[in-house]
file protein_30.cif (mmCIF, C-alpha atoms)
data_run
#
loop_
_atom_site.label_atom_id
_atom_site.label_comp_id
_atom_site.auth_asym_id
_atom_site.auth_seq_id
_atom_site.Cartn_x
_atom_site.Cartn_y
_atom_site.Cartn_z
CA MET A 1 -7.81 173.02 -14.12
CA LYS A 2 -7.59 169.32 -14.96
CA PRO A 3 -4.20 168.44 -16.44
CA GLN A 4 -4.13 167.20 -20.02
CA LEU A 5 -0.53 165.98 -19.84
CA SER A 6 1.46 164.39 -17.03
CA VAL A 7 5.23 164.88 -17.24
CA VAL A 8 7.13 162.31 -15.19
CA ALA A 9 10.77 162.40 -14.15
CA THR A 10 12.87 161.17 -11.24
CA SER A 11 15.92 162.57 -9.48
CA ARG A 12 17.62 163.25 -6.14
CA ASN A 13 19.63 166.14 -4.74
CA ASP A 14 23.11 164.61 -5.10
CA GLU A 15 24.78 166.82 -7.75
CA HIS A 16 24.94 163.83 -10.13
CA GLY A 17 26.67 164.89 -13.33
CA GLY A 18 27.53 168.35 -12.01
CA HIS A 19 25.23 171.37 -11.56
CA LEU A 20 22.29 169.02 -11.09
CA LEU A 21 20.12 171.54 -9.24
CA ALA A 22 20.77 174.09 -11.96
CA ARG A 23 19.73 171.65 -14.68
CA MET A 24 16.62 170.69 -12.69
CA GLN A 25 15.74 174.34 -12.14
CA LEU A 26 15.90 175.02 -15.88
CA PHE A 27 13.75 171.94 -16.55
CA VAL A 28 11.10 173.11 -14.05
CA GLU A 29 11.14 176.73 -15.27
CA GLY A 30 11.05 175.74 -18.93
CA LEU A 31 8.08 173.44 -18.42
CA GLU A 32 6.16 176.02 -16.39
CA GLU A 33 6.79 178.85 -18.85
CA GLN A 34 5.73 176.83 -21.88
CA ALA A 35 2.67 175.37 -20.16
CA VAL A 36 1.43 178.90 -19.44
CA ARG A 37 2.38 180.33 -22.82
CA PHE A 38 0.74 177.50 -24.79
CA ARG A 39 -2.17 177.22 -22.34
CA LEU A 40 -1.70 173.49 -21.85
CA PRO A 41 -2.54 172.26 -18.32
CA VAL A 42 0.48 170.17 -17.30
CA GLU A 43 1.03 168.05 -14.24
CA LEU A 44 4.69 167.56 -13.30
CA VAL A 45 5.21 164.40 -11.25
CA LEU A 46 8.77 164.56 -9.96
CA VAL A 47 9.77 161.42 -8.06
CA GLU A 48 12.52 162.08 -5.53
CA TRP A 49 14.22 158.71 -5.07
CA ASN A 50 16.31 157.93 -2.00
CA PRO A 51 16.90 161.57 -0.99
CA PRO A 52 20.30 162.20 0.64
CA ALA A 53 19.94 162.84 4.37
CA ASP A 54 22.47 165.69 4.34
CA ARG A 55 20.82 167.78 1.60
CA PRO A 56 17.48 169.61 1.42
CA PRO A 57 14.61 167.86 -0.37
CA LEU A 58 13.82 168.93 -3.92
CA VAL A 59 10.60 170.61 -2.85
CA ASP A 60 12.77 173.09 -0.90
CA ALA A 61 15.92 173.08 -3.05
CA LEU A 62 14.15 174.28 -6.21
CA ARG A 63 12.11 177.38 -7.00
CA TRP A 64 8.52 176.64 -7.98
CA SER A 65 5.74 178.70 -9.56
CA PRO A 66 2.60 176.55 -9.57
CA ASN A 67 -0.46 177.91 -11.34
CA ASP A 68 -3.52 176.71 -13.25
CA TYR A 69 -1.40 175.48 -16.15
CA PHE A 70 1.57 174.11 -14.18
CA GLN A 71 0.69 171.74 -11.36
CA PRO A 72 3.83 170.18 -9.86
CA ARG A 73 4.11 167.65 -7.07
CA VAL A 74 7.04 165.81 -5.58
CA ILE A 75 6.63 162.16 -4.60
CA THR A 76 9.31 160.92 -2.21
CA VAL A 77 10.54 157.32 -2.25
CA PRO A 78 12.54 157.11 1.00
CA ALA A 79 15.90 155.49 1.60
CA ASP A 80 14.41 152.52 3.47
CA VAL A 81 12.47 151.54 0.33
CA HIS A 82 15.56 152.00 -1.85
CA ARG A 83 17.54 149.65 0.38
CA THR A 84 15.10 146.81 -0.28
CA PHE A 85 16.46 146.47 -3.84
CA ALA A 86 19.55 144.54 -4.85
CA HIS A 87 22.62 146.66 -5.69
CA ALA A 88 21.22 149.57 -3.68
CA ASP A 89 24.69 150.37 -2.33
CA GLY A 90 26.20 150.73 -5.80
CA LEU A 91 23.32 152.58 -7.45
CA PRO A 92 21.63 155.35 -5.43
CA LEU A 93 18.75 155.83 -7.90
CA PHE A 94 16.81 153.21 -9.84
CA GLN A 95 15.68 155.48 -12.64
CA MET A 96 13.07 153.33 -14.33
CA ILE A 97 11.45 152.15 -11.11
CA GLY A 98 11.29 155.78 -10.04
CA LYS A 99 9.64 156.77 -13.30
CA ASN A 100 7.16 153.95 -12.89
CA VAL A 101 6.24 155.32 -9.47
CA GLY A 102 5.33 158.59 -11.20
CA ILE A 103 3.59 157.00 -14.18
CA ARG A 104 1.49 154.83 -11.87
CA ARG A 105 0.37 157.92 -9.93
CA SER A 106 -0.16 160.23 -12.91
CA THR A 107 -3.65 161.62 -13.52
CA ALA A 108 -3.66 163.04 -17.07
CA PRO A 109 -4.79 161.01 -20.10
CA TYR A 110 -1.30 161.30 -21.67
CA VAL A 111 1.99 160.75 -19.90
CA LEU A 112 5.42 161.95 -21.03
CA ALA A 113 8.35 160.15 -19.40
CA THR A 114 11.44 162.35 -19.52
CA ASN A 115 14.46 163.45 -17.49
CA ILE A 116 15.35 166.44 -15.34
CA ASP A 117 17.89 167.92 -17.76
CA ILE A 118 15.54 168.23 -20.74
CA LEU A 119 13.97 171.26 -22.43
CA PHE A 120 11.42 171.16 -25.24
CA SER A 121 11.41 173.23 -28.40
CA ASP A 122 8.45 175.57 -28.82
CA GLU A 123 7.44 173.67 -31.95
CA LEU A 124 7.32 170.45 -29.93
CA PHE A 125 5.39 171.97 -27.05
CA SER A 126 2.88 173.46 -29.46
CA PHE A 127 2.25 169.93 -30.70
CA LEU A 128 1.54 168.66 -27.16
CA THR A 129 -2.05 169.82 -27.14
CA PRO A 130 -5.28 167.83 -27.03
CA GLY A 131 -5.58 165.73 -30.16
CA LEU A 132 -2.87 163.16 -29.49
CA LYS A 133 -3.72 159.63 -30.56
CA PRO A 134 -4.51 157.32 -27.62
CA ASN A 135 -2.93 154.24 -29.25
CA ALA A 136 0.29 155.92 -30.38
CA MET A 137 3.75 156.40 -28.90
CA TYR A 138 5.57 159.61 -29.82
CA ARG A 139 9.34 160.06 -30.10
CA VAL A 140 11.59 162.98 -31.03
CA ASP A 141 15.26 163.61 -31.78
CA ARG A 142 17.41 164.72 -28.86
CA HIS A 143 19.77 167.66 -29.33
CA ASP A 144 22.61 167.92 -26.80
CA VAL A 145 23.66 171.43 -25.77
CA GLN A 146 26.34 172.69 -23.39
CA ALA A 147 25.04 175.44 -21.11
CA GLU A 148 27.17 177.54 -18.76
CA LEU A 149 25.66 176.67 -15.40
CA GLY A 150 28.43 177.63 -13.00
CA GLY A 151 28.00 181.39 -13.10
CA PRO A 152 26.27 183.72 -10.62
CA SER A 153 22.97 183.37 -12.49
CA LEU A 154 21.41 180.77 -14.73
CA PRO A 155 20.65 181.30 -18.41
CA SER A 156 16.98 181.19 -19.28
CA PRO A 157 15.44 178.05 -20.80
CA ALA A 158 14.97 180.02 -24.04
CA GLU A 159 18.67 180.91 -24.11
CA CYS A 160 19.58 177.24 -23.57
CA ARG A 161 17.33 176.16 -26.44
CA ALA A 162 19.21 178.57 -28.72
CA LEU A 163 22.67 177.15 -27.92
CA PRO A 164 24.76 175.41 -30.59
CA VAL A 165 23.99 171.70 -30.83
CA ILE A 166 26.81 169.34 -29.83
CA ARG A 167 25.22 166.22 -31.27
CA GLU A 168 21.84 165.00 -32.53
CA HIS A 169 20.38 161.68 -31.46
CA ARG A 170 18.35 160.69 -34.52
CA ILE A 171 16.67 157.54 -35.67
CA ASP A 172 19.36 157.13 -38.34
CA GLY A 173 22.21 157.47 -35.84
CA LEU A 174 24.22 160.18 -34.13
CA ARG A 175 25.01 163.34 -36.05
CA TYR A 176 27.60 165.96 -35.15
CA PRO A 177 26.64 169.32 -36.70
CA ASN A 178 30.09 170.80 -36.09
CA GLY A 179 32.24 168.00 -37.50
CA ARG A 180 33.26 164.43 -36.87
CA PRO A 181 32.89 162.90 -33.38
CA PRO A 182 35.99 162.74 -31.19
CA VAL A 183 37.72 159.40 -30.65
CA MET A 184 36.15 157.51 -27.77
CA ARG A 185 38.47 156.91 -24.85
CA GLY A 186 39.24 153.25 -24.28
CA GLN A 187 37.61 152.08 -27.49
CA ASN A 188 40.60 149.85 -28.34
CA SER A 189 40.91 148.30 -24.89
CA GLY A 190 38.75 145.30 -25.75
CA PRO A 191 35.15 144.43 -24.81
CA ARG A 192 34.11 144.77 -21.18
CA PHE A 193 30.82 143.07 -20.45
CA GLY A 194 29.52 144.16 -23.85
CA ILE A 195 30.49 147.82 -23.46
CA ASN A 196 32.15 148.20 -26.85
CA THR A 197 29.36 146.23 -28.52
CA ALA A 198 26.82 148.60 -26.99
CA VAL A 199 28.62 151.70 -28.22
CA VAL A 200 29.17 150.31 -31.72
CA GLU A 201 25.56 149.22 -32.12
CA LEU A 202 24.24 152.58 -30.98
CA THR A 203 26.54 154.63 -33.19
CA ARG A 204 26.67 152.51 -36.35
CA VAL A 205 23.45 151.87 -38.17
CA ALA A 206 25.02 148.96 -40.06
CA ALA A 207 24.99 146.83 -36.90
CA ALA A 208 21.31 146.05 -37.49
CA ALA A 209 22.23 144.06 -40.61
CA ARG A 210 23.97 141.48 -38.44
CA ASP A 211 20.77 140.37 -36.78
CA ARG A 212 19.52 136.99 -37.89
CA MET A 213 15.98 138.15 -37.21
CA VAL A 214 15.19 141.66 -38.39
CA LEU A 215 14.01 144.16 -35.80
CA PRO A 216 11.79 147.12 -36.66
CA LYS A 217 13.64 150.41 -36.81
CA LEU A 218 12.29 152.16 -33.73
CA HIS A 219 13.62 155.51 -32.54
CA THR A 220 15.40 154.21 -29.45
CA SER A 221 18.24 156.77 -29.48
CA GLY A 222 17.81 158.90 -26.37
CA CYS A 223 14.30 157.55 -25.87
CA GLY A 224 14.51 157.83 -22.07
CA ASP A 225 14.46 161.60 -22.53
CA PHE A 226 11.16 161.68 -24.40
CA THR A 227 8.62 158.87 -24.56
CA LEU A 228 5.02 160.07 -24.83
CA THR A 229 1.97 157.87 -24.97
CA SER A 230 -1.43 157.53 -23.36
CA ARG A 231 -1.79 156.50 -19.75
CA ASP A 232 -3.66 153.43 -21.01
CA VAL A 233 -0.66 152.27 -23.04
CA TRP A 234 1.71 152.83 -20.11
CA PHE A 235 -0.59 150.75 -17.93
CA GLY A 236 -0.85 148.12 -20.67
CA ILE A 237 2.91 147.54 -20.72
CA HIS A 238 3.23 148.04 -16.93
CA GLY A 239 5.78 150.78 -17.45
CA TYR A 240 9.50 150.21 -17.76
CA PRO A 241 11.22 146.97 -16.68
CA GLU A 242 11.82 147.12 -12.94
CA TRP A 243 15.15 145.36 -12.80
CA PRO A 244 17.47 146.50 -9.96
CA ALA A 245 20.18 147.52 -12.42
CA TYR A 246 21.46 150.54 -14.29
CA SER A 247 18.85 151.80 -16.74
CA TRP A 248 20.91 151.08 -19.91
CA HIS A 249 18.55 149.92 -22.70
CA MET A 250 15.51 149.65 -20.39
CA ASP A 251 13.94 152.72 -22.01
CA GLY A 252 14.14 150.98 -25.38
CA VAL A 253 12.43 147.85 -24.05
CA ALA A 254 9.28 149.88 -23.43
CA LEU A 255 9.21 150.93 -27.10
CA PHE A 256 9.44 147.34 -28.31
CA GLN A 257 6.73 146.31 -25.86
CA ALA A 258 4.41 148.98 -27.24
CA TYR A 259 5.23 148.06 -30.83
CA ALA A 260 4.50 144.39 -30.11
CA ALA A 261 1.11 145.42 -28.73
CA GLY A 262 0.18 147.19 -31.96
CA VAL A 263 0.76 150.74 -30.73
CA GLU A 264 1.47 153.16 -33.57
CA MET A 265 5.03 154.49 -33.37
CA ILE A 266 5.24 158.15 -34.42
CA ASN A 267 8.58 159.93 -34.85
CA LEU A 268 8.07 163.68 -34.78
CA GLN A 269 10.44 165.62 -37.00
CA PRO A 270 12.69 168.62 -36.22
CA PRO A 271 12.25 171.36 -35.19
CA MET A 272 10.11 169.32 -32.78
CA VAL A 273 13.04 168.22 -30.61
CA ALA A 274 14.09 167.76 -27.00
CA TYR A 275 17.17 169.66 -25.82
CA HIS A 276 19.46 167.86 -23.40
CA LEU A 277 21.60 169.91 -21.01
CA GLU A 278 24.92 168.08 -21.16
CA HIS A 279 26.12 166.47 -17.94
CA GLY A 280 29.57 165.59 -16.68
CA GLU A 281 31.56 162.77 -18.24
CA GLY A 282 30.90 159.38 -16.66
CA SER A 283 27.59 160.33 -15.01
CA GLY A 284 25.63 159.17 -18.05
CA TRP A 285 26.43 157.66 -21.43
CA THR A 286 28.13 159.69 -24.12
CA PRO A 287 29.58 158.21 -27.32
CA GLU A 288 33.00 159.71 -26.59
CA SER A 289 33.63 157.98 -23.26
CA SER A 290 33.39 154.56 -21.59
CA ARG A 291 33.77 155.96 -18.06
CA LEU A 292 30.14 155.25 -17.21
CA PHE A 293 30.60 151.53 -17.73
CA GLU A 294 33.97 151.53 -15.99
CA ARG A 295 32.25 153.03 -12.95
CA LEU A 296 29.38 150.53 -13.07
CA ASP A 297 31.73 147.58 -13.41
CA ALA A 298 33.85 148.81 -10.51
CA ALA A 299 30.75 149.08 -8.32
CA GLY A 300 29.40 145.69 -9.41
CA VAL A 301 26.21 147.24 -10.79
CA PRO A 302 24.63 145.15 -13.59
CA TYR A 303 23.18 146.51 -16.80
CA LEU A 304 21.43 145.00 -19.80
CA SER A 305 23.95 144.07 -22.49
CA THR A 306 23.14 144.98 -26.06
CA ARG A 307 23.04 141.31 -27.05
CA ALA A 308 20.48 140.52 -24.32
CA TYR A 309 18.51 143.65 -25.19
CA ARG A 310 18.22 142.77 -28.85
CA SER A 311 17.35 139.17 -27.99
CA LEU A 312 14.53 140.38 -25.74
CA ALA A 313 13.34 142.81 -28.42
CA ARG A 314 13.20 140.00 -31.00
CA ARG A 315 11.16 137.84 -28.64
CA LEU A 316 8.74 140.69 -28.10
CA VAL A 317 8.17 141.74 -31.70
CA HIS A 318 8.12 138.23 -33.17
CA GLY A 319 5.89 136.76 -30.48
CA SER A 320 2.13 136.94 -30.18
CA ARG A 321 0.56 140.38 -30.53
CA GLY A 322 -0.77 142.23 -27.52
CA PHE A 323 0.48 143.53 -24.21
CA HIS A 324 2.95 141.21 -22.53
CA PRO A 325 4.11 143.05 -19.39
CA ILE A 326 7.46 142.22 -17.87
CA ASN A 327 6.47 143.57 -14.45
CA ASP A 328 3.75 142.14 -12.22
CA GLY A 329 0.63 143.99 -11.15
CA ASP A 330 2.43 145.88 -8.37
CA TRP A 331 4.61 147.77 -10.86
CA GLY A 332 5.41 151.32 -9.84
CA LEU A 333 5.34 150.19 -6.19
CA ALA A 334 1.57 150.52 -6.38
CA SER A 335 0.94 148.88 -3.01
CA ARG A 336 3.07 151.43 -1.17
CA GLU A 337 2.08 154.90 -0.05
CA PHE A 338 4.52 157.76 -0.48
CA ALA A 339 4.49 161.39 0.57
CA SER A 340 3.27 163.60 -2.28
CA VAL A 341 3.84 167.31 -1.83
CA PRO A 342 2.58 170.08 -4.15
CA PRO A 343 5.31 172.74 -3.91
CA GLY A 344 4.27 176.22 -2.85
CA THR A 345 5.39 179.52 -4.27
CA GLY A 346 8.10 180.08 -1.68
CA LYS A 347 11.57 180.76 -2.99
CA GLY A 348 13.91 177.81 -2.79
CA ALA A 349 17.60 177.50 -3.50
CA ALA A 350 19.14 176.39 -6.77
CA GLY A 351 22.56 176.68 -8.19
#

call {"tool": "encode", "arguments": {"input": "protein_30.cif", "output": "C-alpha cells"}}
result
Amino acid sequence: MKPQLSVVATSRNDEHGGHLLARMQLFVEGLEEQAVRFRLPVELVLVEWNPPADRPPLVDALRWSPNDYFQPRVITVPADVHRTFAHADGLPLFQMIGKNVGIRRSTAPYVLATNIDILFSDELFSFLTPGLKPNAMYRVDRHDVQAELGGPSLPSPAECRALPVIREHRIDGLRYPNGRPPVMRGQNSGPRFGINTAVVELTRVAAAARDRMVLPKLHTSGCGDFTLTSRDVWFGIHGYPEWPAYSWHMDGVALFQAYAAGVEMINLQPPMVAYHLEHGEGSGWTPESSRLFERLDAAGVPYLSTRAYRSLARRLVHGSRGFHPINDGDWGLASREFASVPPGTGKGAAG
C-alpha cells in the first residue's frame, strides 16, 4: 500500500537522555498502532546517525511490526560520514542533517519531521488523513509527560498519552498546568553565549516587543517535534539548515523559510497535540535548567544564538517572497548512498 504520510526522525543507540531505547520503542509502537487503527498508510523513515560500534543497530535493538499501514525503514549514516563534519567529536549526532537525509529520501506526498520520543493524540492522528493542504505547514502544541520507563515492562503508548502534563509548549508561551514553573538553575549567573537571552525569549512573550522589525508570530515552541508539510515544500526550502552545530533554533528557521515563501501556517488546536516523553536533564533543553548549554560550551560545540536567529528570521520574512534555500542542491546528503533496511518482524531488544 502506497504511504500517504512519511514520518521522519533521527537517532542512535547511545542512551541519550536516559531510557532512550524505551522512548524509541514507545514511539515506534504508538505510530504503528495508530496507523493501523486509523487506516492511514504511514512510512517511518528512521535515520540512524553515527551508530555506536559497541551497541546493536536500531533495526535489531527495537521491536518492529511492519504491515500494510506501517512501513518502517532504517537508513544508516555511518561514522565515517559523521567524521567529515566539523565538531564531530563534540556532537555525536547532527539532528537536522539527519532529518534532512530522511526527508530527502521520503516517498509520501506529505512529510512529518518529528523526534523519537513523541506520541500523537488520537485526535491529531485522525486529522492526518488525505485532505491536507499541499501549500500549508502544520504545527501543534507539545505536551511534556513523565513516563516510568525503568520498570520490568513499558507502559503502553495509550497509557503515556493519558499521563498528567508537566508543561505545555504553546504559541503563546509555556504553560504549567500544575502550578508555576520552578526556578531555573543558574539563571542569575549572567549570560553565557546568549544562553539566558535564549531562555528569556522563549519563555516570555513580551520579548517580541523589543524587536525593531516585527516578526510574524509563528508557532516555533517545540517545532522540532512536529513540523508537517508537503514533500514539495520541504524540497522548496531544502530542509533544515545543515550547519555542523547543535540544533538549537534550526527547527524554527524552517518555519520562517516556509512563511517567507508564502506557505500557509496552520496551528492545530488541542486536543490535537504531540506528547513528549521527558528526557534526562541536560540532554535537551528544558526551561528549568541551563545544563544543556553548559555541556555544549564545555565541548566547544556551537549553536545559533537567539539574536542571530531572530536576525536571520527578519531577513527571511522581510526579503523577497519565494523559496530562498540556505542549503545547496546536495542537501540531505543526496549524492551519497546509505544502507536502507526495512525491519522484519523478528523480536528485538528494548528497555

call {"tool": "atom_distance", "arguments": {"input": "protein_30.cif", "atom1": "CA of Val101 in chain A", "atom2": "CA of Thr10 in chain A"}}
result
9.0 Å

call {"tool": "closest_residue", "arguments": {"input": "protein_30.cif", "among": "A:Asp232, A:Asp122, A:Asp14, A:Asp251", "to": "Glu48 in chain A", "atoms": "only C-alpha atoms"}}
result
A:Asp14

call {"tool": "resolve_selection", "arguments": {"input": "protein_30.cif", "expression": "the PyMOL selection byres ((chain A and resi 212-222) around 6)", "output": "list in words"}}
result
His169, Ile171, Asp211, Cys223, Gly224, Asp225 and Gly252 of chain A

call {"tool": "resolve_selection", "arguments": {"input": "protein_30.cif", "expression": "the PyMOL selection byres ((chain A and resi 124) around 10)", "output": "VMD selection string"}}
result
chain A and resid 120 to 123 125 to 129 140 268 to 274

call {"tool": "write_last_selection", "arguments": {"input": "protein_30.cif", "atoms": "C-alpha atoms", "output": "mmCIF file, in the coordinates of the input"}}
result
data_model
loop_
_atom_site.group_PDB
_atom_site.id
_atom_site.type_symbol
_atom_site.label_atom_id
_atom_site.label_comp_id
_atom_site.auth_asym_id
_atom_site.auth_seq_id
_atom_site.Cartn_x
_atom_site.Cartn_y
_atom_site.Cartn_z
ATOM 1 C CA PHE A 120 11.420 171.160 -25.240
ATOM 2 C CA SER A 121 11.410 173.230 -28.400
ATOM 3 C CA ASP A 122 8.450 175.570 -28.820
ATOM 4 C CA GLU A 123 7.440 173.670 -31.950
ATOM 5 C CA PHE A 125 5.390 171.970 -27.050
ATOM 6 C CA SER A 126 2.880 173.460 -29.460
ATOM 7 C CA PHE A 127 2.250 169.930 -30.700
ATOM 8 C CA LEU A 128 1.540 168.660 -27.160
ATOM 9 C CA THR A 129 -2.050 169.820 -27.140
ATOM 10 C CA VAL A 140 11.590 162.980 -31.030
ATOM 11 C CA LEU A 268 8.070 163.680 -34.780
ATOM 12 C CA GLN A 269 10.440 165.620 -37.000
ATOM 13 C CA PRO A 270 12.690 168.620 -36.220
ATOM 14 C CA PRO A 271 12.250 171.360 -35.190
ATOM 15 C CA MET A 272 10.110 169.320 -32.780
ATOM 16 C CA VAL A 273 13.040 168.220 -30.610
ATOM 17 C CA ALA A 274 14.090 167.760 -27.000
#

call {"tool": "closest_residue", "arguments": {"input": "protein_30.cif", "among": "A:Pro244, A:Gly18, A:Met250, A:Gln146", "to": "Arg83 in chain A", "atoms": "only C-alpha atoms"}}
result
A:Pro244

call {"tool": "closest_residue", "arguments": {"input": "protein_30.cif", "among": "A:His318, A:Arg55, A:Arg73, A:Arg142", "to": "Ala261 in chain A", "atoms": "only C-alpha atoms"}}
result
A:His318

call {"tool": "closest_residue", "arguments": {"input": "protein_30.cif", "among": "A:Val8, A:Val59, A:Leu174, A:Ala313", "to": "Ile103 in chain A", "atoms": "all atoms listed in the file"}}
result
A:Val8

call {"tool": "resolve_selection", "arguments": {"input": "protein_30.cif", "expression": "the PyMOL selection byres ((chain A and resi 144) around 6)", "output": "compact mmCIF listing (two decimals) with C-alpha atoms, in the coordinates of the input"}}
result
# COMPACT_ATOMS: atom_id res chain seq x y z
CA HIS A 143 19.77 167.66 -29.33
CA VAL A 145 23.66 171.43 -25.77
CA VAL A 165 23.99 171.70 -30.83
CA ILE A 166 26.81 169.34 -29.83
CA ARG A 167 25.22 166.22 -31.27
CA TYR A 275 17.17 169.66 -25.82
CA HIS A 276 19.46 167.86 -23.40

call {"tool": "atom_distance", "arguments": {"input": "protein_30.cif", "atom1": "CA of Ala88 in chain A", "atom2": "CA of Ala245 in chain A"}}
result
9.0 Å

call {"tool": "atom_distance", "arguments": {"input": "protein_30.cif", "atom1": "CA of Val42 in chain A", "atom2": "CA of Gly102 in chain A"}}
result
14.0 Å

call {"tool": "closest_residue", "arguments": {"input": "protein_30.cif", "among": "A:Leu132, A:Ala108, A:Leu91, A:Val253", "to": "Val301 in chain A", "atoms": "only C-alpha atoms"}}
result
A:Leu91

call {"tool": "residues_around", "arguments": {"input": "protein_30.cif", "residues": "Leu296 in chain A", "least_positions_apart": "6", "cutoff": "9 Å", "atoms": "all atoms listed in the file", "output": "PyMOL selection string"}}
result
chain A and resi 90-91+246+302-303

call {"tool": "closest_residue", "arguments": {"input": "protein_30.cif", "among": "A:Phe226, A:Phe70, A:Tyr176, A:Trp64", "to": "Asn267 in chain A", "atoms": "all atoms listed in the file"}}
result
A:Phe226

call {"tool": "closest_atom_pairs", "arguments": {"input": "protein_30.cif", "of": "range 212-312 of chain A", "to": "range 324-327 of chain A", "cutoff": "7 Å", "atoms": "only C-alpha atoms", "output": "Markdown table"}}
result
| residue | atom | partner | partner_atom | distance |
| --- | --- | --- | --- | --- |
| A:Ile237 | CA | A:Pro325 | CA | 4.8 |
| A:His238 | CA | A:Pro325 | CA | 5.6 |
| A:Pro241 | CA | A:Ile326 | CA | 6.2 |
| A:Glu242 | CA | A:Asn327 | CA | 6.6 |

call {"tool": "residues_near_point", "arguments": {"input": "protein_30.cif", "point": "(-5.6, 169.7, -13.6)", "cutoff": "9 Å", "atoms": "only C-alpha atoms", "output": "ChimeraX atom specification"}}
result
/A:1-5,41-43,68-71,107-108

call {"tool": "residues_around", "arguments": {"input": "protein_30.cif", "residues": "Gly236 in chain A", "least_positions_apart": "4", "cutoff": "12 Å", "atoms": "all atoms listed in the file", "output": "PyMOL selection string"}}
result
chain A and resi 103-104+135+229-232+240+254+257-263+322-329+331

call {"tool": "decode", "arguments": {"input": "protein_30.cif", "residues": "range 38-49 of chain A", "atoms": "N, CA and C atoms", "output": "tab-separated table (two decimals), in the first residue's frame"}}
result
chain	number	residue	atom	x	y	z
A	38	PHE	N	-6.31	3.86	12.42
A	38	PHE	CA	-6.91	4.91	11.62
A	38	PHE	C	-6.78	4.66	10.12
A	39	ARG	N	-6.21	3.51	9.78
A	39	ARG	CA	-6.11	3.07	8.38
A	39	ARG	C	-5.43	4.13	7.51
A	40	LEU	N	-4.32	4.64	8.02
A	40	LEU	CA	-3.53	5.62	7.29
A	40	LEU	C	-2.18	5.00	6.96
A	41	PRO	N	-1.88	4.73	5.70
A	41	PRO	CA	-0.59	4.15	5.34
A	41	PRO	C	0.56	5.12	5.65
A	42	VAL	N	1.42	4.71	6.57
A	42	VAL	CA	2.50	5.57	7.06
A	42	VAL	C	3.83	4.91	6.77
A	43	GLU	N	4.75	5.71	6.29
A	43	GLU	CA	6.13	5.29	6.11
A	43	GLU	C	6.96	5.94	7.21
A	44	LEU	N	7.62	5.13	8.04
A	44	LEU	CA	8.55	5.67	9.03
A	44	LEU	C	9.96	5.59	8.46
A	45	VAL	N	10.61	6.75	8.33
A	45	VAL	CA	11.99	6.81	7.88
A	45	VAL	C	12.83	7.21	9.09
A	46	LEU	N	13.45	6.23	9.70
A	46	LEU	CA	14.28	6.46	10.88
A	46	LEU	C	15.74	6.47	10.45
A	47	VAL	N	16.39	7.61	10.60
A	47	VAL	CA	17.79	7.76	10.20
A	47	VAL	C	18.66	7.49	11.42
A	48	GLU	N	19.45	6.43	11.34
A	48	GLU	CA	20.39	6.11	12.41
A	48	GLU	C	21.72	6.78	12.08
A	49	TRP	N	22.05	7.80	12.86
A	49	TRP	CA	23.23	8.62	12.57
A	49	TRP	C	24.41	8.18	13.44
